[in-house]
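Student: Quick one, entry.cif (mmCIF, C-alpha atoms, pLDDT in the B column; chains and numbers go by the auth columns):
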data_structure
#
loop_
_atom_site.group_PDB
_atom_site.id
_atom_site.type_symbol
_atom_site.label_atom_id
_atom_site.label_comp_id
_atom_site.label_asym_id
_atom_site.label_seq_id
_atom_site.Cartn_x
_atom_site.Cartn_y
_atom_site.Cartn_z
_atom_site.B_iso_or_equiv
_atom_site.auth_seq_id
_atom_site.auth_asym_id
ATOM 1 C CA MET A 1 -5.129 -23.099 -5.462 67.00 22 A
ATOM 2 C CA PHE A 2 -2.178 -22.377 -7.760 79.00 23 A
ATOM 3 C CA THR A 3 -4.096 -20.370 -10.323 80.00 24 A
ATOM 4 C CA LEU A 4 -2.399 -17.554 -12.223 81.00 25 A
ATOM 5 C CA PRO A 5 -4.043 -14.792 -10.105 78.00 26 A
ATOM 6 C CA ASN A 6 -2.961 -16.536 -6.880 81.00 27 A
ATOM 7 C CA ILE A 7 0.573 -16.994 -8.201 84.00 28 A
ATOM 8 C CA LEU A 8 0.724 -13.256 -8.954 85.00 29 A
ATOM 9 C CA THR A 9 -0.525 -12.448 -5.452 85.00 30 A
ATOM 10 C CA ILE A 10 2.004 -14.802 -3.849 88.00 31 A
ATOM 11 C CA SER A 11 4.770 -13.285 -6.013 88.00 32 A
ATOM 12 C CA ARG A 12 3.880 -9.851 -4.622 87.00 33 A
ATOM 13 C CA ILE A 13 4.452 -11.142 -1.109 90.00 34 A
ATOM 14 C CA ALA A 14 7.647 -12.949 -2.157 90.00 35 A
ATOM 15 C CA LEU A 15 9.103 -9.759 -3.698 89.00 36 A
ATOM 16 C CA ILE A 16 8.787 -7.757 -0.468 90.00 37 A
ATOM 17 C CA PRO A 17 12.137 -9.019 0.942 91.00 38 A
ATOM 18 C CA ALA A 18 13.835 -8.056 -2.355 88.00 39 A
ATOM 19 C CA ILE A 19 12.431 -4.529 -1.984 88.00 40 A
ATOM 20 C CA VAL A 20 13.793 -4.344 1.566 88.00 41 A
ATOM 21 C CA VAL A 21 17.252 -5.491 0.416 85.00 42 A
ATOM 22 C CA LEU A 22 17.316 -2.977 -2.462 83.00 43 A
ATOM 23 C CA TYR A 23 16.184 -0.255 -0.094 84.00 44 A
ATOM 24 C CA TYR A 24 19.136 -0.790 2.233 81.00 45 A
ATOM 25 C CA TYR A 25 21.591 -0.773 -0.690 77.00 46 A
ATOM 26 C CA GLN A 26 20.680 2.829 -1.528 72.00 47 A
ATOM 27 C CA PRO A 27 23.387 5.396 -0.903 65.00 48 A
ATOM 28 C CA SER A 28 22.688 7.999 1.753 62.00 49 A
ATOM 29 C CA TYR A 29 21.104 11.010 0.115 50.00 50 A
ATOM 30 C CA SER A 30 22.205 14.545 0.864 45.00 51 A
ATOM 31 C CA ASP A 31 20.617 17.840 -0.214 46.00 52 A
ATOM 32 C CA THR A 32 22.075 17.088 -3.648 48.00 53 A
ATOM 33 C CA PRO A 33 20.901 13.537 -4.329 50.00 54 A
ATOM 34 C CA ILE A 34 23.286 11.140 -6.033 54.00 55 A
ATOM 35 C CA PHE A 35 21.868 8.909 -8.739 54.00 56 A
ATOM 36 C CA SER A 36 21.970 5.241 -7.840 66.00 57 A
ATOM 37 C CA TRP A 37 20.979 2.228 -9.879 74.00 58 A
ATOM 38 C CA PHE A 38 19.844 0.567 -6.661 74.00 59 A
ATOM 39 C CA ASN A 39 17.339 3.381 -6.214 77.00 60 A
ATOM 40 C CA LEU A 40 16.016 2.826 -9.724 81.00 61 A
ATOM 41 C CA TYR A 41 15.817 -0.948 -9.180 84.00 62 A
ATOM 42 C CA LEU A 42 13.959 -0.351 -5.915 85.00 63 A
ATOM 43 C CA VAL A 43 11.333 1.817 -7.602 88.00 64 A
ATOM 44 C CA ALA A 44 11.042 -0.648 -10.499 88.00 65 A
ATOM 45 C CA ALA A 45 10.545 -3.576 -8.089 88.00 66 A
ATOM 46 C CA TYR A 46 7.876 -1.675 -6.167 89.00 67 A
ATOM 47 C CA ALA A 47 6.190 -0.687 -9.444 90.00 68 A
ATOM 48 C CA VAL A 48 6.116 -4.339 -10.597 87.00 69 A
ATOM 49 C CA VAL A 49 4.623 -5.419 -7.266 86.00 70 A
ATOM 50 C CA SER A 50 2.016 -2.645 -7.548 86.00 71 A
ATOM 51 C CA VAL A 51 1.067 -3.545 -11.134 86.00 72 A
ATOM 52 C CA THR A 52 0.566 -7.207 -10.232 84.00 73 A
ATOM 53 C CA ASP A 53 -1.971 -5.991 -7.652 78.00 74 A
ATOM 54 C CA TYR A 54 -4.135 -4.798 -10.540 79.00 75 A
ATOM 55 C CA PHE A 55 -3.591 -7.841 -12.763 79.00 76 A
ATOM 56 C CA ASP A 56 -4.269 -10.561 -10.193 79.00 77 A
ATOM 57 C CA GLY A 57 -7.774 -9.204 -9.578 75.00 78 A
ATOM 58 C CA LEU A 58 -8.412 -8.556 -13.272 75.00 79 A
ATOM 59 C CA LEU A 59 -7.343 -12.073 -14.273 78.00 80 A
ATOM 60 C CA ALA A 60 -9.383 -13.643 -11.471 77.00 81 A
ATOM 61 C CA ARG A 61 -12.508 -11.891 -12.765 79.00 82 A
ATOM 62 C CA LYS A 62 -11.870 -12.313 -16.514 81.00 83 A
ATOM 63 C CA MET A 63 -10.792 -15.972 -16.302 81.00 84 A
ATOM 64 C CA ASP A 64 -13.379 -16.838 -13.639 80.00 85 A
ATOM 65 C CA LEU A 65 -10.586 -17.922 -11.281 76.00 86 A
ATOM 66 C CA ALA A 66 -11.706 -16.097 -8.151 77.00 87 A
ATOM 67 C CA SER A 67 -11.041 -18.182 -5.050 76.00 88 A
ATOM 68 C CA ASP A 68 -11.315 -17.925 -1.278 74.00 89 A
ATOM 69 C CA LEU A 69 -7.516 -18.098 -1.051 74.00 90 A
ATOM 70 C CA GLY A 70 -7.171 -15.213 -3.501 73.00 91 A
ATOM 71 C CA ALA A 71 -9.802 -13.169 -1.659 74.00 92 A
ATOM 72 C CA PHE A 72 -7.809 -13.696 1.547 78.00 93 A
ATOM 73 C CA LEU A 73 -4.285 -13.208 0.133 81.00 94 A
ATOM 74 C CA ASP A 74 -4.945 -10.127 -2.034 81.00 95 A
ATOM 75 C CA PRO A 75 -5.648 -7.661 0.811 81.00 96 A
ATOM 76 C CA VAL A 76 -2.895 -9.272 2.913 85.00 97 A
ATOM 77 C CA ALA A 77 -0.386 -8.695 0.097 87.00 98 A
ATOM 78 C CA ASP A 78 -1.580 -5.087 -0.278 87.00 99 A
ATOM 79 C CA LYS A 79 -1.201 -4.362 3.418 88.00 100 A
ATOM 80 C CA LEU A 80 2.222 -6.024 3.644 91.00 101 A
ATOM 81 C CA MET A 81 3.438 -4.124 0.591 91.00 102 A
ATOM 82 C CA VAL A 82 2.245 -0.694 1.758 92.00 103 A
ATOM 83 C CA SER A 83 3.180 -1.175 5.426 93.00 104 A
ATOM 84 C CA THR A 84 6.697 -2.374 4.580 93.00 105 A
ATOM 85 C CA ALA A 85 7.308 0.576 2.254 93.00 106 A
ATOM 86 C CA LEU A 86 5.997 3.081 4.811 94.00 107 A
ATOM 87 C CA ILE A 87 8.185 1.619 7.566 94.00 108 A
ATOM 88 C CA LEU A 88 11.204 1.860 5.254 91.00 109 A
ATOM 89 C CA LEU A 89 10.392 5.494 4.473 91.00 110 A
ATOM 90 C CA VAL A 90 10.026 6.327 8.171 91.00 111 A
ATOM 91 C CA ASP A 91 13.413 4.688 8.720 87.00 112 A
ATOM 92 C CA PHE A 92 14.978 6.774 5.943 83.00 113 A
ATOM 93 C CA TYR A 93 13.565 10.224 6.715 82.00 114 A
ATOM 94 C CA PRO A 94 14.399 11.767 10.113 78.00 115 A
ATOM 95 C CA VAL A 95 11.335 12.390 12.285 80.00 116 A
ATOM 96 C CA ASP A 96 12.449 15.884 13.356 77.00 117 A
ATOM 97 C CA SER A 97 12.414 17.251 9.794 77.00 118 A
ATOM 98 C CA HIS A 98 9.916 14.890 8.137 87.00 119 A
ATOM 99 C CA TRP A 99 7.397 14.235 10.944 92.00 120 A
ATOM 100 C CA TYR A 100 4.503 14.265 8.447 92.00 121 A
ATOM 101 C CA ILE A 101 5.848 11.077 6.830 93.00 122 A
ATOM 102 C CA THR A 102 5.917 9.338 10.212 94.00 123 A
ATOM 103 C CA LEU A 103 2.439 10.611 11.125 94.00 124 A
ATOM 104 C CA SER A 104 1.035 9.533 7.743 95.00 125 A
ATOM 105 C CA ALA A 105 2.603 6.084 8.123 95.00 126 A
ATOM 106 C CA ILE A 106 1.080 5.669 11.605 95.00 127 A
ATOM 107 C CA ILE A 107 -2.374 6.708 10.351 95.00 128 A
ATOM 108 C CA ILE A 108 -2.257 4.484 7.254 95.00 129 A
ATOM 109 C CA ILE A 109 -0.939 1.380 9.045 95.00 130 A
ATOM 110 C CA SER A 110 -3.369 1.873 11.960 94.00 131 A
ATOM 111 C CA ARG A 111 -6.299 2.145 9.564 91.00 132 A
ATOM 112 C CA GLU A 112 -5.225 -1.044 7.761 89.00 133 A
ATOM 113 C CA ILE A 113 -5.115 -2.940 11.065 91.00 134 A
ATOM 114 C CA LEU A 114 -8.463 -1.490 12.172 88.00 135 A
ATOM 115 C CA VAL A 115 -10.231 -2.350 8.894 84.00 136 A
ATOM 116 C CA SER A 116 -8.715 -5.858 8.872 83.00 137 A
ATOM 117 C CA ALA A 117 -9.937 -6.418 12.430 84.00 138 A
ATOM 118 C CA LEU A 118 -13.379 -5.044 11.500 82.00 139 A
ATOM 119 C CA ARG A 119 -13.605 -7.390 8.500 78.00 140 A
ATOM 120 C CA GLU A 120 -12.527 -10.328 10.656 79.00 141 A
ATOM 121 C CA TRP A 121 -15.156 -9.502 13.257 77.00 142 A
ATOM 122 C CA MET A 122 -17.826 -9.036 10.571 75.00 143 A
ATOM 123 C CA GLY A 123 -16.857 -12.440 9.189 72.00 144 A
ATOM 124 C CA THR A 124 -17.347 -14.109 12.570 76.00 145 A
ATOM 125 C CA ILE A 125 -20.914 -12.769 12.799 73.00 146 A
ATOM 126 C CA GLY A 126 -21.687 -13.690 9.182 70.00 147 A
ATOM 127 C CA LYS A 127 -21.861 -10.127 7.857 65.00 148 A
ATOM 128 C CA ARG A 128 -18.533 -9.768 6.060 60.00 149 A
ATOM 129 C CA SER A 129 -20.336 -8.879 2.829 59.00 150 A
ATOM 130 C CA ASN A 130 -21.602 -5.703 4.549 56.00 151 A
ATOM 131 C CA ILE A 131 -18.030 -4.331 4.362 61.00 152 A
ATOM 132 C CA ASN A 132 -17.089 -4.068 0.698 64.00 153 A
ATOM 133 C CA VAL A 133 -14.291 -2.024 -0.818 65.00 154 A
ATOM 134 C CA SER A 134 -15.550 1.481 -1.558 70.00 155 A
ATOM 135 C CA TRP A 135 -14.404 3.697 -4.411 77.00 156 A
ATOM 136 C CA VAL A 136 -12.672 5.885 -1.809 82.00 157 A
ATOM 137 C CA GLY A 137 -10.688 2.823 -0.682 77.00 158 A
ATOM 138 C CA LYS A 138 -9.634 2.096 -4.267 81.00 159 A
ATOM 139 C CA VAL A 139 -8.528 5.703 -4.880 88.00 160 A
ATOM 140 C CA LYS A 140 -6.720 5.632 -1.511 88.00 161 A
ATOM 141 C CA THR A 141 -4.751 2.546 -2.564 87.00 162 A
ATOM 142 C CA PHE A 142 -3.853 4.146 -5.913 88.00 163 A
ATOM 143 C CA MET A 143 -2.658 7.341 -4.188 92.00 164 A
ATOM 144 C CA GLN A 144 -0.644 5.390 -1.618 93.00 165 A
ATOM 145 C CA ILE A 145 1.175 3.446 -4.325 92.00 166 A
ATOM 146 C CA PHE A 146 2.079 6.568 -6.296 92.00 167 A
ATOM 147 C CA ALA A 147 3.117 8.475 -3.162 94.00 168 A
ATOM 148 C CA ILE A 148 5.398 5.619 -2.132 93.00 169 A
ATOM 149 C CA LEU A 149 6.895 5.335 -5.629 92.00 170 A
ATOM 150 C CA PHE A 150 7.716 9.056 -5.643 91.00 171 A
ATOM 151 C CA LEU A 151 9.125 8.988 -2.109 91.00 172 A
ATOM 152 C CA LEU A 152 11.245 5.924 -2.856 87.00 173 A
ATOM 153 C CA TYR A 153 12.684 7.549 -5.982 83.00 174 A
ATOM 154 C CA GLN A 154 13.409 10.785 -4.080 78.00 175 A
ATOM 155 C CA GLN A 155 15.528 12.404 -6.788 75.00 176 A
ATOM 156 C CA PRO A 156 14.487 15.226 -9.115 73.00 177 A
ATOM 157 C CA PHE A 157 13.347 13.894 -12.493 76.00 178 A
ATOM 158 C CA PHE A 158 13.722 16.275 -15.458 81.00 179 A
ATOM 159 C CA GLY A 159 13.392 19.176 -13.045 82.00 180 A
ATOM 160 C CA LEU A 160 10.283 17.808 -11.298 85.00 181 A
ATOM 161 C CA PRO A 161 10.529 17.917 -7.483 88.00 182 A
ATOM 162 C CA ILE A 162 9.762 14.217 -7.034 86.00 183 A
ATOM 163 C CA PHE A 163 10.080 14.259 -3.236 87.00 184 A
ATOM 164 C CA LYS A 164 7.666 17.201 -2.846 91.00 185 A
ATOM 165 C CA ILE A 165 5.161 15.587 -5.200 93.00 186 A
ATOM 166 C CA GLY A 166 5.479 12.358 -3.188 92.00 187 A
ATOM 167 C CA VAL A 167 4.786 14.215 0.058 93.00 188 A
ATOM 168 C CA ILE A 168 1.670 15.875 -1.405 95.00 189 A
ATOM 169 C CA LEU A 169 0.412 12.512 -2.695 96.00 190 A
ATOM 170 C CA LEU A 170 1.104 10.925 0.705 96.00 191 A
ATOM 171 C CA LEU A 171 -0.870 13.635 2.503 96.00 192 A
ATOM 172 C CA VAL A 172 -3.790 13.169 0.084 96.00 193 A
ATOM 173 C CA ALA A 173 -3.551 9.392 0.585 95.00 194 A
ATOM 174 C CA THR A 174 -3.602 9.932 4.358 96.00 195 A
ATOM 175 C CA PHE A 175 -6.776 12.029 4.087 95.00 196 A
ATOM 176 C CA LEU A 176 -8.397 9.355 1.887 94.00 197 A
ATOM 177 C CA THR A 177 -7.256 6.708 4.385 93.00 198 A
ATOM 178 C CA LEU A 178 -9.108 8.498 7.188 93.00 199 A
ATOM 179 C CA TRP A 179 -12.171 9.025 4.998 91.00 200 A
ATOM 180 C CA SER A 180 -12.383 5.398 3.825 87.00 201 A
ATOM 181 C CA GLY A 181 -11.677 4.152 7.360 86.00 202 A
ATOM 182 C CA PHE A 182 -14.607 6.223 8.615 87.00 203 A
ATOM 183 C CA ILE A 183 -16.857 4.722 5.896 84.00 204 A
ATOM 184 C CA TYR A 184 -15.896 1.171 6.888 80.00 205 A
ATOM 185 C CA LEU A 185 -16.358 1.932 10.583 82.00 206 A
ATOM 186 C CA LYS A 186 -19.775 3.476 9.955 81.00 207 A
ATOM 187 C CA GLU A 187 -20.883 0.404 7.967 77.00 208 A
ATOM 188 C CA GLY A 188 -19.557 -1.876 10.699 74.00 209 A
ATOM 189 C CA LEU A 189 -21.380 0.034 13.440 74.00 210 A
ATOM 190 C CA LYS A 190 -24.683 -0.315 11.554 74.00 211 A
ATOM 191 C CA THR A 191 -24.555 -4.066 12.189 71.00 212 A
ATOM 192 C CA LEU A 192 -24.587 -3.440 15.941 63.00 213 A
ATOM 193 C CA ASN A 193 -28.078 -1.991 15.570 62.00 214 A
ATOM 194 C CA THR A 194 -29.457 -5.031 13.733 57.00 215 A
#
Spit out the file's structure as structure tokens when you get a sec.

Tutor:
Amino acid sequence: MFTLPNILTISRIALIPAIVVLYYYQPSYSDTPIFSWFNLYLVAAYAVVSVTDYFDGLLARKMDLASDLGAFLDPVADKLMVSTALILLVDFYPVDSHWYITLSAIIIISREILVSALREWMGTIGKRSNINVSWVGKVKTFMQIFAILFLLYQQPFFGLPIFKIGVILLLVATFLTLWSGFIYLKEGLKTLNT
């Protein structure tokens, strides 16, 4: 149970409250953002959580430590991490001027709930293996993480418009979310015909 990959996965979940605390210690940003160490710590914490997502799976495969607990906790940790960050971003950016962030968050979180429910249902009928992670789903996760990192940082970096880049990445991630959700739904519906 307490293998290194599982410990990494559990640490991702345990770090989520720290990310929330750091988020609320940020100063309010105006049109001219003010640098804040809390903002940097927030992005660093989210980056660490995101990197452990890669390493827990890699270590489980390389060290032959894959487990049922790890298979259950890994997607839960991913969904908690992304959903929490998106809710924080919706809280930070006003809906009237940044409605696309709110809409993207609703689409992404709704898709995560739908796919989780689909996997659960597939598991109850013994066909969970029919719903495997697609390459679109993996790219979607990668894009979500980078979009969130950019949007959490918010401030220009060596002249790069970090916020605008984050918004573009979030919109791409939202498109990939819809695409991968459709793939999962299509695979799930095939089982109704068998």

Student: Sort by chain and increasing residue number a table of all residues of region 86-113 of chain A within 10 Å of region 131-138 of chain A, each with its closest pair of atoms and their distance in Å to one decimal, counting all atoms listed in the file, and write it as CSV.

Tutor:
residue,atom,partner,partner_atom,distance
A:Pro96,CA,A:Ser137,CA,8.8
A:Val97,CA,A:Ser137,CA,9.0
A:Asp99,CA,A:Glu133,CA,9.7
A:Lys100,CA,A:Glu133,CA,6.8
A:Leu101,CA,A:Glu133,CA,9.9
A:Val103,CA,A:Glu133,CA,9.6
A:Ser104,CA,A:Glu133,CA,8.7

Student: I'd like the residues picked by the PyMOL selection byres ((chain A and resi 29-45) around 6) written out as a ChimeraX atom specification, using the chain letters and numbers from the file.

Tutor: /A:26-28,46-47,63,70,77,98

Student: So, counting only C-alpha atoms, which residue among A:Val160, A:Ala168, A:Ile183, A:Leu25 is closest to Ser125 (chain A)?

Tutor: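 Closest residue, counting only C-alpha atoms: A:Ala168.
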
Student: Could you tell me which of A:Tyr114, A:Phe93, A:Phe23, A:Tyr174 comes closest to Ala66 (chain A) if we count all atoms listed in the file?

Tutor: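 For Ala66 (chain A), the nearest of the candidates is A:Tyr174.
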
Student: For CA of Met164 (chain A) and CA of Phe196 (chain A), quote the distance in Å rounded to one decimal.

Tutor: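 Spanning CA of Met164 (chain A) to CA of Phe196 (chain A) is a straight-line distance of 10.4 Å.
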
Student: Could you please determine the separation between CA of Trp142 (chain A) and CA of Met102 (chain A) in Å, to one decimal place?

Tutor: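 Straight-line distance from CA of Trp142 (chain A) to CA of Met102 (chain A) works out to 23.1 Å.
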